[in-house]
$ cat coords.cif   # mmCIF, C-alpha atoms and all ligand atoms
data_model
#
loop_
_atom_site.group_PDB
_atom_site.id
_atom_site.type_symbol
_atom_site.label_atom_id
_atom_site.label_comp_id
_atom_site.auth_asym_id
_atom_site.auth_seq_id
_atom_site.Cartn_x
_atom_site.Cartn_y
_atom_site.Cartn_z
ATOM 1 C CA MET E 17 9.820 70.303 -2.732
ATOM 2 C CA THR E 18 11.517 73.460 -3.883
ATOM 3 C CA ASN E 19 14.906 71.738 -3.835
ATOM 4 C CA LEU E 20 13.793 70.003 -7.051
ATOM 5 C CA SER E 21 13.740 71.785 -10.378
ATOM 6 C CA LYS E 22 10.464 72.995 -11.796
ATOM 7 C CA THR E 23 10.757 70.455 -14.612
ATOM 8 C CA VAL E 24 11.195 67.552 -12.193
ATOM 9 C CA ARG E 25 8.309 68.785 -10.039
ATOM 10 C CA GLY E 26 6.134 69.025 -13.166
ATOM 11 C CA ARG E 27 7.065 65.483 -14.159
ATOM 12 C CA LEU E 28 6.346 64.167 -10.644
ATOM 13 C CA LYS E 29 2.950 65.782 -10.757
ATOM 14 C CA GLU E 30 2.207 63.897 -13.969
ATOM 15 C CA ILE E 31 3.313 60.433 -12.859
ATOM 16 C CA ALA E 32 2.902 60.274 -9.095
ATOM 17 C CA TYR E 33 0.705 61.319 -6.236
ATOM 18 C CA ILE E 34 0.892 61.127 -2.470
ATOM 19 C CA GLY E 35 -1.709 58.509 -1.662
ATOM 20 C CA ARG E 36 -1.576 58.360 2.089
ATOM 21 C CA ARG E 37 -4.989 58.982 3.676
ATOM 22 C CA VAL E 38 -5.426 58.904 7.424
ATOM 23 C CA PRO E 39 -8.454 57.125 8.893
ATOM 24 C CA VAL E 40 -11.473 59.345 9.526
ATOM 25 C CA GLN E 41 -12.538 57.336 12.558
ATOM 26 C CA CYS E 42 -11.145 54.769 14.990
ATOM 27 C CA ARG E 43 -13.260 52.833 17.508
ATOM 28 C CA GLU E 44 -11.551 50.775 20.168
ATOM 29 C CA SER E 45 -12.997 47.639 21.730
ATOM 30 C CA ALA E 46 -12.690 46.698 25.396
ATOM 31 C CA ASP E 47 -10.367 43.865 24.236
ATOM 32 C CA GLY E 48 -7.945 46.244 22.460
ATOM 33 C CA THR E 49 -9.227 45.564 18.922
ATOM 34 C CA LYS E 50 -9.530 48.753 16.877
ATOM 35 C CA LYS E 51 -11.779 49.382 13.904
ATOM 36 C CA TYR E 52 -10.604 52.054 11.488
ATOM 37 C CA LEU E 53 -12.777 53.790 8.932
ATOM 38 C CA PHE E 54 -11.138 55.116 5.759
ATOM 39 C CA GLU E 55 -12.673 57.488 3.277
ATOM 40 C CA LEU E 56 -11.564 56.778 -0.294
ATOM 41 C CA SER E 57 -10.585 59.553 -2.669
ATOM 42 C CA GLU E 58 -13.035 60.969 -5.210
ATOM 43 C CA ASN E 59 -16.168 60.037 -3.252
ATOM 44 C CA ARG E 60 -15.709 56.326 -3.875
ATOM 45 C CA GLY E 61 -17.024 55.486 -0.428
ATOM 46 C CA PHE E 62 -15.700 54.148 2.857
ATOM 47 C CA VAL E 63 -13.965 50.952 3.954
ATOM 48 C CA GLU E 64 -12.997 49.491 7.284
ATOM 49 C CA SER E 65 -9.872 47.782 8.605
ATOM 50 C CA VAL E 66 -9.573 45.995 11.917
ATOM 51 C CA PHE E 67 -6.426 45.907 14.044
ATOM 52 C CA ILE E 68 -6.285 42.843 16.304
ATOM 53 C CA PRO E 69 -3.460 42.837 18.868
ATOM 54 C CA ASP E 70 -2.527 39.559 20.505
ATOM 55 C CA GLU E 71 0.177 38.380 22.885
ATOM 56 C CA ASP E 72 2.699 37.466 20.228
ATOM 57 C CA ARG E 73 1.281 39.042 17.080
ATOM 58 C CA ALA E 74 -0.686 42.001 15.773
ATOM 59 C CA THR E 75 -2.907 41.388 12.774
ATOM 60 C CA LEU E 76 -4.573 43.852 10.451
ATOM 61 C CA CYS E 77 -7.696 42.672 8.664
ATOM 62 C CA VAL E 78 -7.927 44.700 5.439
ATOM 63 C CA SER E 79 -10.694 45.382 2.932
ATOM 64 C CA SER E 80 -10.288 44.851 -0.802
ATOM 65 C CA GLN E 81 -13.621 46.204 -2.076
ATOM 66 C CA VAL E 82 -16.301 48.704 -1.059
ATOM 67 C CA GLY E 83 -19.090 46.269 -0.201
ATOM 68 C CA CYS E 84 -19.164 42.906 -1.972
ATOM 69 C CA LYS E 85 -20.941 41.101 -4.823
ATOM 70 C CA MET E 86 -20.971 37.671 -3.229
ATOM 71 C CA GLY E 87 -24.072 38.201 -1.090
ATOM 72 C CA CYS E 88 -23.346 35.673 1.660
ATOM 73 C CA HIS E 89 -26.470 35.809 3.802
ATOM 74 C CA PHE E 90 -24.693 35.830 7.155
ATOM 75 C CA CYS E 91 -22.438 38.798 6.298
ATOM 76 C CA ALA E 92 -23.170 42.476 6.861
ATOM 77 C CA THR E 93 -20.820 43.493 4.021
ATOM 78 C CA GLY E 94 -22.735 41.239 1.621
ATOM 79 C CA ARG E 95 -25.941 43.055 2.535
ATOM 80 C CA MET E 96 -24.355 46.405 1.541
ATOM 81 C CA GLY E 97 -24.124 45.356 -2.104
ATOM 82 C CA PHE E 98 -21.112 46.162 -4.274
ATOM 83 C CA HIS E 99 -19.847 49.729 -4.611
ATOM 84 C CA GLY E 100 -16.428 49.349 -6.256
ATOM 85 C CA ASN E 101 -12.932 47.890 -6.194
ATOM 86 C CA LEU E 102 -10.059 49.253 -4.161
ATOM 87 C CA THR E 103 -6.812 50.101 -5.927
ATOM 88 C CA PRO E 104 -3.503 48.648 -4.689
ATOM 89 C CA SER E 105 -2.759 51.998 -3.098
ATOM 90 C CA ASP E 106 -6.145 52.043 -1.297
ATOM 91 C CA ILE E 107 -5.291 48.644 0.187
ATOM 92 C CA LEU E 108 -1.688 49.476 1.051
ATOM 93 C CA ASN E 109 -2.880 52.708 2.610
ATOM 94 C CA GLN E 110 -4.667 50.587 5.227
ATOM 95 C CA PHE E 111 -1.315 48.914 6.111
ATOM 96 C CA PHE E 112 0.484 52.222 6.462
ATOM 97 C CA SER E 113 -2.109 54.615 7.829
ATOM 98 C CA VAL E 114 -3.525 52.807 10.836
ATOM 99 C CA THR E 115 -1.873 54.286 13.910
ATOM 100 C CA ASP E 116 -0.623 50.824 14.918
ATOM 101 C CA SER E 117 1.112 50.302 11.583
ATOM 102 C CA HIS E 118 4.544 49.906 13.191
ATOM 103 C CA LEU E 119 3.263 46.985 15.299
ATOM 104 C CA LEU E 120 1.877 44.837 12.475
ATOM 105 C CA THR E 121 3.139 41.283 12.195
ATOM 106 C CA ASN E 122 0.399 39.887 9.927
ATOM 107 C CA VAL E 123 -2.187 41.003 7.395
ATOM 108 C CA VAL E 124 -5.318 39.073 6.475
ATOM 109 C CA PHE E 125 -7.579 39.891 3.548
ATOM 110 C CA MET E 126 -10.746 39.137 5.490
ATOM 111 C CA GLY E 127 -12.314 42.570 5.646
ATOM 112 C CA MET E 128 -14.884 43.944 3.239
ATOM 113 C CA GLY E 129 -15.007 42.382 -0.226
ATOM 114 C CA GLU E 130 -14.007 39.200 -2.032
ATOM 115 C CA PRO E 131 -10.259 39.424 -2.780
ATOM 116 C CA MET E 132 -10.435 37.071 -5.786
ATOM 117 C CA ASP E 133 -12.956 39.450 -7.360
ATOM 118 C CA ASN E 134 -10.309 42.200 -7.305
ATOM 119 C CA LEU E 135 -7.341 39.972 -7.854
ATOM 120 C CA ASP E 136 -5.076 42.260 -9.900
ATOM 121 C CA ALA E 137 -5.007 44.729 -7.020
ATOM 122 C CA VAL E 138 -4.632 42.027 -4.360
ATOM 123 C CA LEU E 139 -1.736 40.358 -6.193
ATOM 124 C CA LYS E 140 -0.034 43.713 -6.614
ATOM 125 C CA VAL E 141 -0.333 44.350 -2.873
ATOM 126 C CA CYS E 142 1.067 40.878 -2.091
ATOM 127 C CA GLU E 143 3.974 41.638 -4.420
ATOM 128 C CA VAL E 144 4.702 45.034 -2.843
ATOM 129 C CA ALA E 145 4.445 43.560 0.668
ATOM 130 C CA THR E 146 6.776 40.633 -0.008
ATOM 131 C CA ALA E 147 9.269 41.912 -2.605
ATOM 132 C CA ASP E 148 12.787 42.907 -1.603
ATOM 133 C CA TRP E 149 12.187 46.207 -3.359
ATOM 134 C CA GLY E 150 8.944 46.611 -1.365
ATOM 135 C CA MET E 151 8.240 45.897 2.277
ATOM 136 C CA GLY E 152 10.278 42.681 2.304
ATOM 137 C CA TRP E 153 7.760 40.733 4.409
ATOM 138 C CA SER E 154 7.704 36.940 4.390
ATOM 139 C CA PRO E 155 4.653 35.671 2.414
ATOM 140 C CA LYS E 156 3.777 33.722 5.571
ATOM 141 C CA ARG E 157 2.670 36.981 7.143
ATOM 142 C CA ILE E 158 -0.168 37.447 4.651
ATOM 143 C CA THR E 159 -3.363 35.408 4.293
ATOM 144 C CA VAL E 160 -5.852 35.945 1.487
ATOM 145 C CA SER E 161 -9.375 34.700 2.061
ATOM 146 C CA THR E 162 -11.963 33.700 -0.533
ATOM 147 C CA VAL E 163 -15.422 32.198 -0.786
ATOM 148 C CA GLY E 164 -13.967 29.940 -3.465
ATOM 149 C CA ILE E 165 -13.653 31.611 -6.877
ATOM 150 C CA VAL E 166 -11.897 28.798 -8.745
ATOM 151 C CA PRO E 167 -10.080 30.752 -11.525
ATOM 152 C CA GLY E 168 -9.001 33.356 -8.968
ATOM 153 C CA ILE E 169 -7.619 30.732 -6.590
ATOM 154 C CA ARG E 170 -5.671 29.086 -9.416
ATOM 155 C CA ARG E 171 -4.106 32.383 -10.439
ATOM 156 C CA PHE E 172 -3.432 33.405 -6.837
ATOM 157 C CA LEU E 173 -1.654 30.112 -6.109
ATOM 158 C CA GLU E 174 0.469 30.457 -9.206
ATOM 159 C CA GLN E 175 1.391 34.105 -8.799
ATOM 160 C CA SER E 176 1.864 34.473 -5.053
ATOM 161 C CA ARG E 177 3.263 32.482 -2.130
ATOM 162 C CA CYS E 178 0.946 33.916 0.517
ATOM 163 C CA HIS E 179 -1.378 31.758 2.622
ATOM 164 C CA LEU E 180 -4.900 30.906 1.461
ATOM 165 C CA ALA E 181 -8.100 30.708 3.527
ATOM 166 C CA VAL E 182 -11.349 29.405 2.044
ATOM 167 C CA SER E 183 -14.720 30.309 3.581
ATOM 168 C CA LEU E 184 -16.568 27.017 3.574
ATOM 169 C CA HIS E 185 -19.291 27.147 6.255
ATOM 170 C CA ASN E 186 -21.099 24.020 5.032
ATOM 171 C CA ALA E 187 -19.900 20.875 3.253
ATOM 172 C CA PHE E 188 -23.337 19.987 1.851
ATOM 173 C CA ALA E 189 -23.818 21.703 -1.525
ATOM 174 C CA ASP E 190 -27.614 21.918 -1.247
ATOM 175 C CA GLU E 191 -27.328 23.609 2.155
ATOM 176 C CA ARG E 192 -24.316 25.792 1.398
ATOM 177 C CA VAL E 193 -26.025 27.323 -1.622
ATOM 178 C CA GLN E 194 -28.812 28.606 0.614
ATOM 179 C CA SER E 195 -26.511 31.039 2.395
ATOM 180 C CA MET E 196 -23.649 31.338 -0.124
ATOM 181 C CA PRO E 197 -24.817 31.974 -3.708
ATOM 182 C CA VAL E 198 -21.237 31.385 -4.957
ATOM 183 C CA GLU E 199 -21.837 27.642 -4.481
ATOM 184 C CA LYS E 200 -23.878 27.666 -7.708
ATOM 185 C CA ALA E 201 -21.001 28.899 -9.848
ATOM 186 C CA TYR E 202 -18.135 27.272 -7.931
ATOM 187 C CA PRO E 203 -19.199 24.352 -5.743
ATOM 188 C CA ALA E 204 -17.017 23.766 -2.694
ATOM 189 C CA SER E 205 -16.282 20.283 -4.068
ATOM 190 C CA SER E 206 -14.658 21.815 -7.173
ATOM 191 C CA VAL E 207 -12.666 24.214 -4.980
ATOM 192 C CA VAL E 208 -11.339 21.335 -2.882
ATOM 193 C CA SER E 209 -10.539 19.297 -6.042
ATOM 194 C CA LEU E 210 -8.456 22.201 -7.298
ATOM 195 C CA LEU E 211 -6.692 22.603 -3.955
ATOM 196 C CA ARG E 212 -5.780 18.918 -3.949
ATOM 197 C CA GLN E 213 -3.611 19.564 -7.009
ATOM 198 C CA TYR E 214 -1.206 21.712 -4.974
ATOM 199 C CA ASP E 215 1.406 20.767 -2.408
ATOM 200 C CA TRP E 216 0.506 22.046 1.065
ATOM 201 C CA SER E 217 3.266 20.307 2.982
ATOM 202 C CA GLY E 218 5.662 23.265 2.805
ATOM 203 C CA GLN E 219 5.551 26.790 4.170
ATOM 204 C CA ARG E 220 2.303 27.793 2.556
ATOM 205 C CA ARG E 221 -0.785 27.227 4.678
ATOM 206 C CA LEU E 222 -4.300 26.295 3.640
ATOM 207 C CA SER E 223 -7.165 26.905 6.025
ATOM 208 C CA PHE E 224 -10.929 26.666 5.888
ATOM 209 C CA GLU E 225 -13.162 29.113 7.722
ATOM 210 C CA TYR E 226 -16.343 27.677 9.183
ATOM 211 C CA THR E 227 -18.860 29.938 10.932
ATOM 212 C CA MET E 228 -20.955 28.004 13.427
ATOM 213 C CA LEU E 229 -24.641 28.706 12.810
ATOM 214 C CA LYS E 230 -27.097 27.287 15.311
ATOM 215 C CA GLY E 231 -29.222 24.501 13.838
ATOM 216 C CA ILE E 232 -27.871 25.195 10.328
ATOM 217 C CA ASN E 233 -24.395 23.673 9.968
ATOM 218 C CA ASP E 234 -23.293 22.555 13.407
ATOM 219 C CA ASP E 235 -24.321 18.941 14.052
ATOM 220 C CA ARG E 236 -22.443 15.657 13.761
ATOM 221 C CA ARG E 237 -23.751 15.111 10.224
ATOM 222 C CA HIS E 238 -22.097 18.375 9.155
ATOM 223 C CA ALA E 239 -18.859 17.509 10.933
ATOM 224 C CA GLU E 240 -18.769 14.140 9.156
ATOM 225 C CA ALA E 241 -19.440 15.756 5.754
ATOM 226 C CA LEU E 242 -16.637 18.243 6.405
ATOM 227 C CA LEU E 243 -14.295 15.441 7.374
ATOM 228 C CA LYS E 244 -15.141 13.562 4.185
ATOM 229 C CA LEU E 245 -14.671 16.644 1.994
ATOM 230 C CA LEU E 246 -11.273 17.502 3.464
ATOM 231 C CA SER E 247 -10.017 13.985 4.063
ATOM 232 C CA GLY E 248 -6.308 13.606 3.304
ATOM 233 C CA LEU E 249 -5.848 17.308 2.477
ATOM 234 C CA GLU E 250 -3.115 19.094 4.450
ATOM 235 C CA CYS E 251 -5.100 21.945 5.983
ATOM 236 C CA ARG E 252 -6.665 23.323 9.124
ATOM 237 C CA VAL E 253 -10.204 24.351 9.967
ATOM 238 C CA ASN E 254 -10.948 27.562 11.881
ATOM 239 C CA LEU E 255 -14.316 27.618 13.566
ATOM 240 C CA ILE E 256 -15.821 31.072 14.066
ATOM 241 C CA ARG E 257 -18.675 32.013 16.348
ATOM 242 C CA PHE E 258 -21.406 33.809 14.419
ATOM 243 C CA HIS E 259 -21.621 37.487 15.294
ATOM 244 C CA SER E 260 -25.138 38.686 15.012
ATOM 245 C CA SER E 261 -25.865 41.921 13.197
ATOM 246 C CA LYS E 262 -29.025 43.830 12.399
ATOM 247 C CA ASP E 263 -31.471 41.739 10.298
ATOM 248 C CA ALA E 264 -29.278 38.606 10.338
ATOM 249 C CA PRO E 265 -31.543 35.539 10.360
ATOM 250 C CA TYR E 266 -29.002 33.395 12.240
ATOM 251 C CA GLN E 267 -27.720 32.711 15.730
ATOM 252 C CA THR E 268 -24.386 31.349 16.819
ATOM 253 C CA SER E 269 -24.147 27.719 17.951
ATOM 254 C CA ASP E 270 -23.794 27.180 21.664
ATOM 255 C CA MET E 271 -20.363 26.558 23.131
ATOM 256 C CA ALA E 272 -20.929 22.853 23.852
ATOM 257 C CA THR E 273 -21.903 22.235 20.209
ATOM 258 C CA ILE E 274 -18.883 24.154 18.928
ATOM 259 C CA THR E 275 -16.518 22.268 21.224
ATOM 260 C CA ALA E 276 -17.992 18.899 20.208
ATOM 261 C CA PHE E 277 -17.614 19.822 16.511
ATOM 262 C CA ARG E 278 -14.004 20.864 17.042
ATOM 263 C CA ASP E 279 -13.105 17.818 19.126
ATOM 264 C CA PHE E 280 -14.667 15.435 16.595
ATOM 265 C CA LEU E 281 -12.558 16.843 13.755
ATOM 266 C CA ASN E 282 -9.364 16.862 15.815
ATOM 267 C CA ALA E 283 -9.954 13.269 16.895
ATOM 268 C CA LYS E 284 -10.299 12.295 13.224
ATOM 269 C CA GLY E 285 -7.036 14.001 12.284
ATOM 270 C CA VAL E 286 -8.295 17.324 10.871
ATOM 271 C CA ARG E 287 -6.609 20.156 12.761
ATOM 272 C CA CYS E 288 -9.393 22.358 14.019
ATOM 273 C CA THR E 289 -9.369 25.402 16.279
ATOM 274 C CA LEU E 290 -11.957 27.867 17.511
ATOM 275 C CA ARG E 291 -10.988 31.378 16.584
ATOM 276 C CA ALA E 292 -11.283 33.850 19.448
ATOM 277 C CA SER E 293 -13.940 36.461 18.777
ATOM 278 C CA ARG E 294 -12.539 39.957 18.895
ATOM 279 C CA GLY E 295 -14.042 43.403 18.728
ATOM 280 C CA GLU E 296 -17.658 42.296 18.858
ATOM 281 C CA ASP E 297 -18.670 45.358 20.910
ATOM 282 C CA ILE E 298 -17.550 47.703 18.096
ATOM 283 C CA GLU E 299 -18.983 45.611 15.215
ATOM 284 C CA ALA E 300 -15.446 44.663 14.185
ATOM 285 C CA ALA E 301 -15.804 40.890 14.451
ATOM 286 C CA CYS E 302 -16.025 38.530 11.459
ATOM 287 C CA GLY E 303 -18.982 39.248 9.200
ATOM 288 C CA LEU E 304 -19.856 42.576 10.813
ATOM 289 C CA LEU E 305 -17.969 45.018 8.621
ATOM 290 C CA ALA E 306 -20.342 47.322 6.800
ATOM 291 C CA THR E 307 -19.745 51.000 6.849
ATOM 292 C CA GLN E 308 -22.734 52.631 8.454
ATOM 293 C CA ARG E 309 -22.380 55.493 6.028
ATOM 294 C CA ALA E 310 -22.838 53.104 3.120
ATOM 295 C CA LEU E 311 -25.842 51.523 4.796
ATOM 296 C CA ASP E 312 -27.344 54.954 5.452
ATOM 297 C CA GLU E 313 -27.085 55.989 1.806
HETATM 298 S S1 LIG E 401 -18.457 36.843 3.630
HETATM 299 FE FE1 LIG E 401 -16.889 37.790 2.340
HETATM 300 S S2 LIG E 401 -17.450 37.145 0.247
HETATM 301 FE FE2 LIG E 401 -19.291 36.792 1.525
HETATM 302 S S3 LIG E 401 -20.485 38.683 1.299
HETATM 303 FE FE3 LIG E 401 -19.167 38.923 3.136
HETATM 304 S S4 LIG E 401 -17.359 40.005 2.379
HETATM 305 FE FE4 LIG E 401 -18.418 39.141 0.589
#
$ encode --input "coords.cif" --output "structure tokens"
Amino acid sequence: MTNLSKTVRGRLKEIAYIGRRVPVQCRESADGTKKYLFELSENRGFVESVFIPDEDRATLCVSSQVGCKMGCHFCATGRMGFHGNLTPSDILNQFFSVTDSHLLTNVVFMGMGEPMDNLDAVLKVCEVATADWGMGWSPKRITVSTVGIVPGIRRFLEQSRCHLAVSLHNAFADERVQSMPVEKAYPASSVVSLLRQYDWSGQRRLSFEYTMLKGINDDRRHAEALLKLLSGLECRVNLIRFHSSKDAPYQTSDMATITAFRDFLNAKGVRCTLRASRGEDIEAACGLLATQRALDE
């Protein structure tokens, strides 16, 4: 920028840098879903983002960490281990540098990592995305997902107006802990108790993610326990088919079981939908994000 003085250019060099990094790879699914691979600066590794176009919306699923510490057994990212936090600019770069950036209507923090374990960066991104001085998006366009880190949820709810999604997957503590180690530190019951202290009747939405695992969490007993846990709480439940990856010791429930589970909850007044699976053929579906390069290392 030779139109600026040398002094100003020197100062800019000290306080700013151009952080935009284009994806190093993009794989496209037969259903239009695209999985982008980003290389982070300074050899900090790789992360993935998934672009999911729909009739009336286009969602980007972003990563907040390289790998993850939470170790959920059904998740490929969990099996990678933890390799570091993303900075706000690493996360925002995913918004801006996917080729479909101009089409985005929504962003979900459901990619690699546990957002509440990198909350400073996630809150900063929510602020940039929703502030008038930033992107000016409505907070309704952003959903942050968590396995249920209680202090993180409390801070997130106080410092942001974006939607919250909690990965539940089993309402029985003794069963949940077998696939989600976080249950030991923050039982789902304590997460739900905290959530009951907030008002969910307004614009902000609370949802629970529930992956249907054959013979593990999908029978009537589980549906009844879920109903009891969430009873009276303004929320919705999203059922997700399990997407099998290498070494995963689970299978997805069959369609009839999933439909019965969904219909039972709806009949009892808990809004429940089955989320469409997208991008399974390119390992972009829920629980499948794990950069091959990280796994190869
Ligand atoms: S499901 Fe989410 S929190 Fe659990 S290991 Fe995978 S990325 Fe981490």
$ closest_residue --input "coords.cif" --among "E:Asn282, E:Pro197, E:Leu222, E:Asn134" --to "Ile158 of chain E" --atoms "only C-alpha atoms"
E:Leu222
$ axis_aligned_box --input "coords.cif" --around "ligand LIG 401 (chain E)" --padding-each-side "3 Å" --output "AutoDock Vina command-line options"
--center_x -18.7 --center_y 38.4 --center_z 1.9 --size_x 9.6 --size_y 9.2 --size_z 9.4
$ residues_near_ligand --input "coords.cif" --ligand "ligand LIG 401 (chain E)" --cutoff "6 Å" --atoms "only C-alpha atoms and all ligand atoms" --output "ChimeraX atom specification"
/E:84,86-88,91,93-94,128-130,163
$ residues_around --input "coords.cif" --residues "Ala181 of chain E" --least-positions-apart "6" --cutoff "10 Å" --atoms "all atoms listed in the file" --output "list in words"
Val124, Phe125, Met126, Thr159, Val160, Ser161, Thr162, Val163, Gly164, Arg221, Leu222, Ser223, Phe224, Glu225, Cys251, Arg252, Val253 and Asn254 of chain E
$ resolve_selection --input "coords.cif" --expression "the PyMOL selection byres (((chain E and resi 208) around 10) and not hetatm)" --output "PyMOL selection string"
chain E and resi 164+166+182+203-207+209-213+245-246+249
$ resolve_selection --input "coords.cif" --expression "the PyMOL selection byres (((chain E and resi 101) around 7) and not hetatm)" --output "number ranges by chain"
E: 80-82, 100, 102-103, 134
$ resolve_selection --input "coords.cif" --expression "the PyMOL selection byres (((chain E and resi 53) around 9) and not hetatm)" --output "list in words"
Pro39, Val40, Gln41, Cys42, Arg43, Lys51, Tyr52, Phe54, Glu55, Phe62, Val63, Glu64, Ser65, Val66 and Thr307 of chain E
$ atom_distance --input "coords.cif" --atom1 "atom CA of Glu30 of chain E" --atom2 "atom CA of Ser79 of chain E"
28.2 Å
$ closest_residue --input "coords.cif" --among "E:Arg60, E:Lys50, E:His89, E:Lys284" --to "Ala74 of chain E" --atoms "all atoms listed in the file"
E:Lys50
$ closest_residue --input "coords.cif" --among "E:Leu56, E:Ala301, E:Ala276, E:Ala145" --to "Thr289 of chain E" --atoms "all atoms listed in the file"
E:Ala276
$ closest_residue --input "coords.cif" --among "E:Ile34, E:Ile169, E:Leu243, E:Met151" --to "Val286 of chain E" --atoms "only C-alpha atoms"
E:Leu243
$ closest_residue --input "coords.cif" --among "E:Tyr202, E:Tyr214, E:Phe277, E:Tyr266" --to "Ala239 of chain E" --atoms "all atoms listed in the file"
E:Phe277
$ atom_distance --input "coords.cif" --atom1 "atom CA of Tyr226 of chain E" --atom2 "atom CA of Asn186 of chain E"
7.3 Å
$ closest_residue --input "coords.cif" --among "E:Leu229, E:Leu76, E:Ala306, E:Ala147" --to "Phe111 of chain E" --atoms "only C-alpha atoms"
E:Leu76
$ decode --input "coords.cif" --residues "segment 211-229 of chain E" --atoms "N, CA and C atoms" --output "short mmCIF file (atom, residue, chain, number, x, y, z; two decimals), in the first residue's frame"
data_model
loop_
_atom_site.label_atom_id
_atom_site.label_comp_id
_atom_site.auth_asym_id
_atom_site.auth_seq_id
_atom_site.Cartn_x
_atom_site.Cartn_y
_atom_site.Cartn_z
N LEU E 211 -30.14 -24.80 32.84
CA LEU E 211 -30.91 -24.24 31.72
C LEU E 211 -32.32 -23.84 32.15
N ARG E 212 -32.84 -24.52 33.17
CA ARG E 212 -34.18 -24.18 33.66
C ARG E 212 -34.22 -22.79 34.31
N GLN E 213 -33.05 -22.26 34.65
CA GLN E 213 -33.02 -20.94 35.28
C GLN E 213 -33.15 -19.79 34.26
N TYR E 214 -33.13 -20.13 32.99
CA TYR E 214 -33.20 -19.08 31.95
C TYR E 214 -34.56 -19.12 31.24
N ASP E 215 -34.89 -18.00 30.65
CA ASP E 215 -36.17 -17.88 29.95
C ASP E 215 -35.96 -18.25 28.46
N TRP E 216 -36.65 -19.27 28.01
CA TRP E 216 -36.49 -19.73 26.63
C TRP E 216 -37.73 -19.44 25.80
N SER E 217 -38.59 -18.54 26.30
CA SER E 217 -39.83 -18.31 25.57
C SER E 217 -39.66 -17.23 24.50
N GLY E 218 -38.50 -16.56 24.49
CA GLY E 218 -38.31 -15.47 23.53
C GLY E 218 -37.65 -15.95 22.24
N GLN E 219 -36.77 -15.10 21.73
CA GLN E 219 -36.13 -15.36 20.44
C GLN E 219 -35.08 -16.46 20.51
N ARG E 220 -34.47 -16.56 21.68
CA ARG E 220 -33.34 -17.49 21.78
C ARG E 220 -33.82 -18.94 21.86
N ARG E 221 -33.16 -19.81 21.10
CA ARG E 221 -33.63 -21.19 21.04
C ARG E 221 -32.69 -22.16 21.75
N LEU E 222 -33.31 -23.11 22.43
CA LEU E 222 -32.54 -24.17 23.10
C LEU E 222 -32.88 -25.49 22.42
N SER E 223 -31.84 -26.21 22.00
CA SER E 223 -32.12 -27.53 21.42
C SER E 223 -31.19 -28.57 22.01
N PHE E 224 -31.63 -29.80 21.94
CA PHE E 224 -30.82 -30.93 22.41
C PHE E 224 -30.57 -31.86 21.23
N GLU E 225 -29.30 -32.23 21.07
CA GLU E 225 -28.92 -33.13 19.99
C GLU E 225 -28.91 -34.55 20.56
N TYR E 226 -29.46 -35.48 19.79
CA TYR E 226 -29.56 -36.85 20.29
C TYR E 226 -29.25 -37.80 19.13
N THR E 227 -28.05 -38.39 19.16
CA THR E 227 -27.66 -39.32 18.10
C THR E 227 -28.23 -40.70 18.40
N MET E 228 -28.90 -41.27 17.44
CA MET E 228 -29.59 -42.55 17.65
C MET E 228 -28.64 -43.72 17.42
N LEU E 229 -28.29 -44.38 18.51
CA LEU E 229 -27.35 -45.50 18.46
C LEU E 229 -28.10 -46.82 18.71
#
